[in-house]
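Participant: Shown below is the structure under consideration.
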Amino acid sequence: MKKARRALIAFALFALVIAAAAGLAFLVPWLRAATRMPADAELWLRAEGGGDYTLGWTAAEGVGDYRISVAEPGAEGEEAALLSEFDVSGSSTLLSGLPEGRPLLVTVASLGRWQTIGGQFLRLGEDALTVELTLDPLEIPSVEYTVNDEDQTLELRVEGEDGLSYELYRLDGEDETLLKAGGELQKLSFGEGRELPMPERGEEFRFVLRAVKSSGGCTVTGLPSESVAVDRQALLPGVIELEGEELGSNRYRLSWNETKGDGYEVQQLSGGDWLTLAGFGPEDEREYLTGALASCMDYSFRVVTVGGEPEEGEEFAAQPASLELRTELCSLYCTVWPLTELAFYSEPDFDSEQLGSIAAGTTLTVLGEENGLFNVRCGGQYGYIDSNYCLINLPEYMGDLISYNITNSYSSLYTAHGYEIPEVTGEVIVGYASVQQADGSFLAPYLYPCCAKLYEAANAAIEQGCRLKIYDSFRPNWATLDIFEKAAKLVDEPVPELDIYGEVPELLPELAEGEELTYIRFWEDGTFGLPNFLAQYGSMHNMGIALDLTLEDLSGEELEMQTVMHDLSIYSVIYQNNINANLLSSIMKGAGFGGLTSEWWHFQDNETREALKLNIYMYNGVSGEGWTADDTGWRYRRADGSFVTGSAEIGGVSYDFGDDGYCEYRSIEE
């Protein structure tokens, strides 16, 4: 009996243990499944159209499942009428078919999952979030927008309502990305380092606004507005900003901003017209290199747009931009001639190997300047010559600072008080046959070291409201000897009855009774004689250091002097200078030039002569014929300044030239 009782007690204890274990197996998972909504939990709804709303809420920590209940509040004392109840995974869901404009109770409760041998169960969490709200699509009737292409911004504005804020979204297909929230005015900036990048060409950015209303722990986001689209063209500025960067040797880089339009043209003002230099597509680098521009010249460039949609009354999609440039003094690509035979060095160093020598008067082009030497090409070789003993072509070097009329090259002005000097007056002076070019311009050789003073004088004249005008610079010794010889034959000859103007000059020397007016009477007056007006053996002009020049106003009208140019008479002596001749003298002497007593127009650089110990009288004249270069390539220039085109044999070698004169497929070294 006692044994049976003990067995019964043991069984009961065993059963109790089993029951306790079973209870714990149920209770522990159930306890672990306890959840609760956060104390600060909120709901939000976003209208999707067609009565659909996306419902979202603040997720509970560690919770993935929720129970959603939607009910209509009952009258006072009555229970709410349940409209919908369902479980979801995640922290958002779609609500469909719910009534709009009526109060609703929306409850979100967290759910905990627990599992036993009998299966998996859900446990409703505590502190469910319940919000009373009225569904409202919060439609935005219209959006006003403004694109500011000056600062690349987009402004969107709605007619705001009290209690509403607004959210701005970017559309990507059907997807929306929230960009910002705020009031009735939203603003976006585009570009590098800003809120959004610029749209690519052909790309369109679209945006919508949604109204937002928040109250009682719930935020309702309304339907999207009509989309606003903006593309790159709309955002690009309508004004071109053009910049010029000096790269050295009068080369410039022009660069400009991206603007409206389908491309660009770089143009240069020439003869009152804009000539197109280059075209650029919308994706091309917006940069143009001018190449080496001529020395001391004014240039006007502009950039205009091509295509696009110009505003009414406008020619271009974007306002063009112009750039005015004044080039610096630069010898690059200028024509030079050795005044005497010069050593031809392999390097820009007087101690470097000599490649040979270059004869006086050889036509060369400056390819560079270093250490007082010009880099040139001669006889198929590149090397260096002493720039101190080179004549440089002033019109190329001084640009428009000075004007020129080398009358000796087509009809000399040499007279004796207006009376003709036979075989000289109105003739082409020997050695000047190639000075006037086919286009009417002139060669004006002048010793290179003297140009610093001339540049100073030219600028001083401009400051005085006038310009230097050169009638003669380098004069061949051949011409000096020839003119003196022909004039000397006339010393005792009577002058013609009338001067070259068909008149008798007003001022004439006083004659003794019965004395005949001869040429010598205009050349002899006290200490003066013919050699005072014409060099007999050699002239400073033959060294390239002298100039015959006058002044003109900036419109090109010559200032009146006491005589005309090259009037070989006692009336040209500086003692008779008028106010304009004195102005010329002050400008030239102020720059360091010396004068000549018998000629108001003559000035020479004595300091350079002494520094170089010049005693060189170059006999022959110069010509521009020869190879000449620029940034584009090489051309062969004839003596009249025109360029060879087509096929030609030069120096025993055949070359092909384009219509523009540039050597084509064969380099000049071949």
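Letters A, B, ... mark the chains of the structure tokens in the order given; residue numbers begin at 1 per chain; ligand numbers begin at 1, in order shown.
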Determine, counting only C-alpha atoms, which protein, DNA and RNA residues have an atom within 9 Å of an atom of stretch 483-489 of chain A; residues of the same chain fewer than 5 positions away are not included. Present the result as a VMD selection string.
Facilitator: chain A and resid 421 to 424 429 to 430 478 519 530 to 531 534 to 537
Participant: Based on the selection just made, write C-alpha atoms of those residues as a tab-separated table (two decimals), in the first residue's frame.
Facilitator:
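Result saved to again.tsv:
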chain	number	residue	atom	x	y	z
A	421	ILE	CA	65.10	117.61	-110.59
A	422	PRO	CA	65.25	115.80	-113.94
A	423	GLU	CA	65.52	111.98	-113.76
A	424	VAL	CA	64.77	112.15	-110.02
A	429	ILE	CA	64.52	105.75	-107.37
A	430	VAL	CA	67.08	103.08	-108.12
A	478	TRP	CA	73.15	102.99	-104.81
A	519	TYR	CA	69.37	125.32	-108.68
A	530	LEU	CA	74.18	120.64	-102.03
A	531	PRO	CA	75.93	118.09	-99.70
A	534	LEU	CA	72.02	115.18	-100.37
A	535	ALA	CA	74.76	112.87	-99.10
A	536	GLN	CA	77.52	112.61	-101.66
A	537	TYR	CA	79.07	109.27	-100.71
Participant: Determine which residues of stretch 206-392 of chain A DSSP labels as alpha helix (DSSP H) from the backbone of this structure, then write them out as a PyMOL selection string.
Facilitator: chain A and resi 232-235
Participant: Once you have the residues from the selection above, write them out as a short mmCIF file (atom, residue, chain, number, x, y, z; two decimals), in the first residue's frame, restricted to C-alpha atoms.
Facilitator:
data_model
loop_
_atom_site.label_atom_id
_atom_site.label_comp_id
_atom_site.auth_asym_id
_atom_site.auth_seq_id
_atom_site.Cartn_x
_atom_site.Cartn_y
_atom_site.Cartn_z
CA ARG A 232 19.63 72.21 -70.41
CA GLN A 233 18.74 74.81 -73.02
CA ALA A 234 16.29 76.49 -70.68
CA LEU A 235 18.85 76.70 -67.87
#
Participant: List as a PyMOL selection string the protein and nucleic acid residues near A:Phe442, meaning an atom at most 12 Å away when only C-alpha atoms are counted, but skip any in the same chain fewer than 4 places from it.
Facilitator: chain A and resi 393-396+403-410+432-438+470-473+622-624+639-641
Participant: For the selection just defined, write its residues with N, CA and C atoms to a file, as a tab-separated table (two decimals), in the first residue's frame.
Facilitator:
chain	number	residue	atom	x	y	z
A	393	ASN	N	61.30	94.98	-91.14
A	393	ASN	CA	60.26	95.67	-91.90
A	393	ASN	C	59.29	96.35	-90.94
A	394	LEU	N	59.33	97.67	-90.90
A	394	LEU	CA	58.56	98.42	-89.92
A	394	LEU	C	57.05	98.21	-90.00
A	395	PRO	N	56.43	98.17	-91.18
A	395	PRO	CA	54.97	97.96	-91.19
A	395	PRO	C	54.55	96.66	-90.50
A	396	GLU	N	55.38	95.62	-90.57
A	396	GLU	CA	55.05	94.38	-89.88
A	396	GLU	C	55.32	94.49	-88.38
A	403	SER	N	52.16	105.27	-90.07
A	403	SER	CA	51.72	105.09	-91.46
A	403	SER	C	52.92	105.32	-92.39
A	404	TYR	N	52.77	104.94	-93.66
A	404	TYR	CA	53.90	104.92	-94.58
A	404	TYR	C	53.48	105.42	-95.96
A	405	ASN	N	54.40	106.12	-96.59
A	405	ASN	CA	54.23	106.50	-97.99
A	405	ASN	C	55.63	106.63	-98.59
A	406	ILE	N	56.18	105.51	-99.00
A	406	ILE	CA	57.56	105.49	-99.52
A	406	ILE	C	57.49	105.91	-100.99
A	407	THR	N	57.43	107.21	-101.19
A	407	THR	CA	57.22	107.74	-102.54
A	407	THR	C	58.37	107.39	-103.48
A	408	ASN	N	59.56	107.17	-102.96
A	408	ASN	CA	60.68	106.80	-103.83
A	408	ASN	C	60.42	105.52	-104.60
A	409	SER	N	59.44	104.72	-104.14
A	409	SER	CA	59.18	103.44	-104.79
A	409	SER	C	58.22	103.57	-105.97
A	410	TYR	N	57.60	104.74	-106.13
A	410	TYR	CA	56.67	104.88	-107.27
A	410	TYR	C	56.73	106.26	-107.91
A	432	TYR	N	64.69	100.93	-105.28
A	432	TYR	CA	63.38	100.93	-104.64
A	432	TYR	C	62.33	100.16	-105.45
A	433	ALA	N	62.75	99.45	-106.47
A	433	ALA	CA	61.80	98.83	-107.40
A	433	ALA	C	60.87	97.83	-106.71
A	434	SER	N	61.35	97.19	-105.63
A	434	SER	CA	60.53	96.16	-104.98
A	434	SER	C	59.93	96.62	-103.66
A	435	VAL	N	59.98	97.92	-103.39
A	435	VAL	CA	59.52	98.42	-102.09
A	435	VAL	C	58.00	98.51	-102.03
A	436	GLN	N	57.36	99.00	-103.11
A	436	GLN	CA	55.90	99.04	-103.10
A	436	GLN	C	55.36	97.67	-103.49
A	437	GLN	N	54.41	97.18	-102.71
A	437	GLN	CA	53.83	95.86	-102.93
A	437	GLN	C	52.58	95.96	-103.80
A	438	ALA	N	52.15	94.82	-104.30
A	438	ALA	CA	51.01	94.79	-105.21
A	438	ALA	C	49.74	95.31	-104.54
A	470	ILE	N	56.02	107.84	-92.18
A	470	ILE	CA	57.37	107.67	-92.70
A	470	ILE	C	57.37	107.70	-94.23
A	471	TYR	N	58.28	108.52	-94.78
A	471	TYR	CA	58.45	108.60	-96.23
A	471	TYR	C	59.70	107.85	-96.68
A	472	ASP	N	60.64	107.64	-95.80
A	472	ASP	CA	61.83	106.89	-96.18
A	472	ASP	C	62.53	106.39	-94.92
A	473	SER	N	63.05	105.19	-95.00
A	473	SER	CA	63.82	104.63	-93.89
A	473	SER	C	65.18	104.20	-94.45
A	622	VAL	N	66.31	96.34	-101.08
A	622	VAL	CA	65.77	95.10	-100.53
A	622	VAL	C	64.55	94.67	-101.32
A	623	SER	N	64.19	93.41	-101.13
A	623	SER	CA	63.00	92.84	-101.74
A	623	SER	C	62.34	91.94	-100.71
A	624	GLY	N	61.03	91.78	-100.82
A	624	GLY	CA	60.32	90.87	-99.93
A	624	GLY	C	60.29	89.45	-100.44
A	639	ALA	N	58.33	89.18	-105.22
A	639	ALA	CA	58.85	90.52	-104.92
A	639	ALA	C	57.75	91.55	-104.76
A	640	ASP	N	56.59	91.34	-105.40
A	640	ASP	CA	55.50	92.31	-105.29
A	640	ASP	C	54.60	92.03	-104.09
A	641	GLY	N	54.94	91.02	-103.29
A	641	GLY	CA	54.17	90.72	-102.09
A	641	GLY	C	53.11	89.66	-102.26
Participant: Write out as a VMD selection string the set of residues from stretch 295-426 of chain A that DSSP, computed on the backbone, places in strand (DSSP E or B).
Facilitator: chain A and resid 298 to 306 319 321 to 326 335 to 338 342 to 345 354 to 358 364 to 365 368 to 370 373 to 378 381 to 386 390 to 393 402 to 404 415 to 416 419 to 420
Participant: For A:Pro494, which of A:Asp567, A:Glu420, A:Asp548, A:Glu607 is the closest residue, counting only C-alpha atoms?
Facilitator: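 Of A:Asp567, A:Glu420, A:Asp548, A:Glu607, the one nearest A:Pro494, counting only C-alpha atoms, is A:Glu420.
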Participant: Please provide the set of residues having any atom within 10 Å of A:Phe643, restricted to only C-alpha atoms, with same-chain residues fewer than 4 positions apart removed, written as a list of chain:residue names.
Facilitator: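 The residues satisfying every condition are A:Glu625, A:Gly626, A:Trp627, A:Thr628, A:Arg635, A:Tyr636, A:Arg637, A:Arg638, A:Ala639, A:Phe657, A:Asp659, A:Asp660, A:Gly661, A:Tyr662.
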Participant: I'd like to know which of A:Tyr169, A:Phe301, A:Tyr333, A:Tyr53 is closest to A:Ser96, using only C-alpha atoms.
Facilitator: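 That would be A:Tyr53, the residue with the smallest distance to A:Ser96.
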Participant: For each of A:Ala80, A:Val158, A:Leu247, A:Cys390, take the minimum atom-to-atom distance to A:Ser331, counting only C-alpha atoms, then give the residue where this is smallest.
Facilitator: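 The closest residue to A:Ser331 is A:Cys390.
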Participant: I want to know what sits within 12 Å of stretch 511-515 of chain A, based on only C-alpha atoms, with residues of the same chain fewer than 5 positions away left out; could you give that as a ChimeraX atom specification?
Facilitator: /A:492,494,521-522
Participant: May I have the residues from that selection written out with N, CA and C atoms, as a compact mmCIF listing (two decimals), in the first residue's frame?
Facilitator:
# COMPACT_ATOMS: atom_id res chain seq x y z
N ASP A 492 74.44 124.59 -111.73
CA ASP A 492 74.43 125.91 -112.37
C ASP A 492 73.35 126.05 -113.42
N PRO A 494 69.66 126.75 -114.90
CA PRO A 494 68.50 127.56 -114.47
C PRO A 494 67.31 126.66 -114.15
N ARG A 521 71.08 128.27 -106.17
CA ARG A 521 70.59 129.35 -105.31
C ARG A 521 69.68 128.80 -104.20
N PHE A 522 69.08 127.61 -104.44
CA PHE A 522 68.24 126.99 -103.39
C PHE A 522 69.07 126.12 -102.44
Participant: So which one's closest to A:Asp482, A:Val220, A:Leu373, A:Leu95, A:Val428? Using only C-alpha atoms, please.
Facilitator: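 Result for the nearest residue to A:Asp482: A:Val428.
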Participant: Hey, what's within 9 Å of A:Thr305 if we count only C-alpha atoms and toss same-chain stuff fewer than 2 positions away? As a PyMOL selection string, please?
Facilitator: chain A and resi 240+259-265+303+307-308+316-320
Participant: Print the selection's residues with N, CA and C atoms to a file, as a short mmCIF file (atom, residue, chain, number, x, y, z; two decimals), in the first residue's frame.
Facilitator:
data_model
loop_
_atom_site.label_atom_id
_atom_site.label_comp_id
_atom_site.auth_asym_id
_atom_site.auth_seq_id
_atom_site.Cartn_x
_atom_site.Cartn_y
_atom_site.Cartn_z
N ILE A 240 26.68 85.39 -73.72
CA ILE A 240 28.02 84.82 -73.82
C ILE A 240 29.00 85.69 -73.04
N THR A 259 26.19 78.43 -73.44
CA THR A 259 24.96 79.22 -73.48
C THR A 259 23.91 78.51 -74.31
N LYS A 260 22.78 79.17 -74.41
CA LYS A 260 21.73 78.66 -75.30
C LYS A 260 22.26 78.61 -76.73
N GLY A 261 21.63 77.78 -77.55
CA GLY A 261 22.06 77.64 -78.93
C GLY A 261 22.58 76.24 -79.20
N ASP A 262 22.76 75.95 -80.49
CA ASP A 262 23.21 74.62 -80.90
C ASP A 262 24.69 74.58 -81.26
N GLY A 263 25.40 75.66 -81.04
CA GLY A 263 26.82 75.72 -81.36
C GLY A 263 27.29 77.15 -81.35
N TYR A 264 28.54 77.35 -81.79
CA TYR A 264 29.14 78.68 -81.71
C TYR A 264 30.00 78.94 -82.94
N GLU A 265 30.20 80.21 -83.24
CA GLU A 265 31.17 80.64 -84.24
C GLU A 265 32.06 81.70 -83.63
N VAL A 303 32.17 86.02 -80.32
CA VAL A 303 31.61 84.68 -80.36
C VAL A 303 30.10 84.82 -80.44
N GLY A 307 22.10 78.48 -84.36
CA GLY A 307 20.88 77.73 -84.10
C GLY A 307 20.25 78.11 -82.78
N GLY A 308 19.52 77.16 -82.20
CA GLY A 308 18.78 77.46 -80.99
C GLY A 308 17.49 78.19 -81.31
N PHE A 316 20.41 86.04 -82.48
CA PHE A 316 21.08 84.88 -81.90
C PHE A 316 20.35 84.40 -80.66
N ALA A 317 20.52 83.10 -80.36
CA ALA A 317 19.89 82.52 -79.18
C ALA A 317 20.48 83.09 -77.91
N ALA A 318 21.73 83.48 -77.93
CA ALA A 318 22.38 84.12 -76.79
C ALA A 318 23.05 85.40 -77.27
N GLN A 319 23.11 86.36 -76.39
CA GLN A 319 23.73 87.65 -76.74
C GLN A 319 25.21 87.45 -77.01
N PRO A 320 25.69 87.86 -78.19
CA PRO A 320 27.12 87.68 -78.51
C PRO A 320 28.02 88.48 -77.58
#
Participant: Determine, counting only C-alpha atoms, which protein, DNA and RNA residues have an atom within 6 Å of an atom of A:Asn250; residues of the same chain fewer than 2 positions away are not included. Present the result as a PyMOL selection string.
Facilitator: chain A and resi 248+292-293+327
Participant: Kindly give the distance, in Å, that separates atom CA of A:Gly182 and atom CA of A:Glu167, rounded to a single decimal.
Facilitator: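 Going from atom CA of A:Gly182 over to atom CA of A:Glu167 covers 6.4 Å.
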Participant: With only C-alpha atoms as the atoms that count, which of A:Leu129, A:Ala34, A:Val230, A:Val239 lies nearest to A:Arg201?
Facilitator: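 When distances to A:Arg201 are compared using only C-alpha atoms, the smallest one comes from A:Val230.
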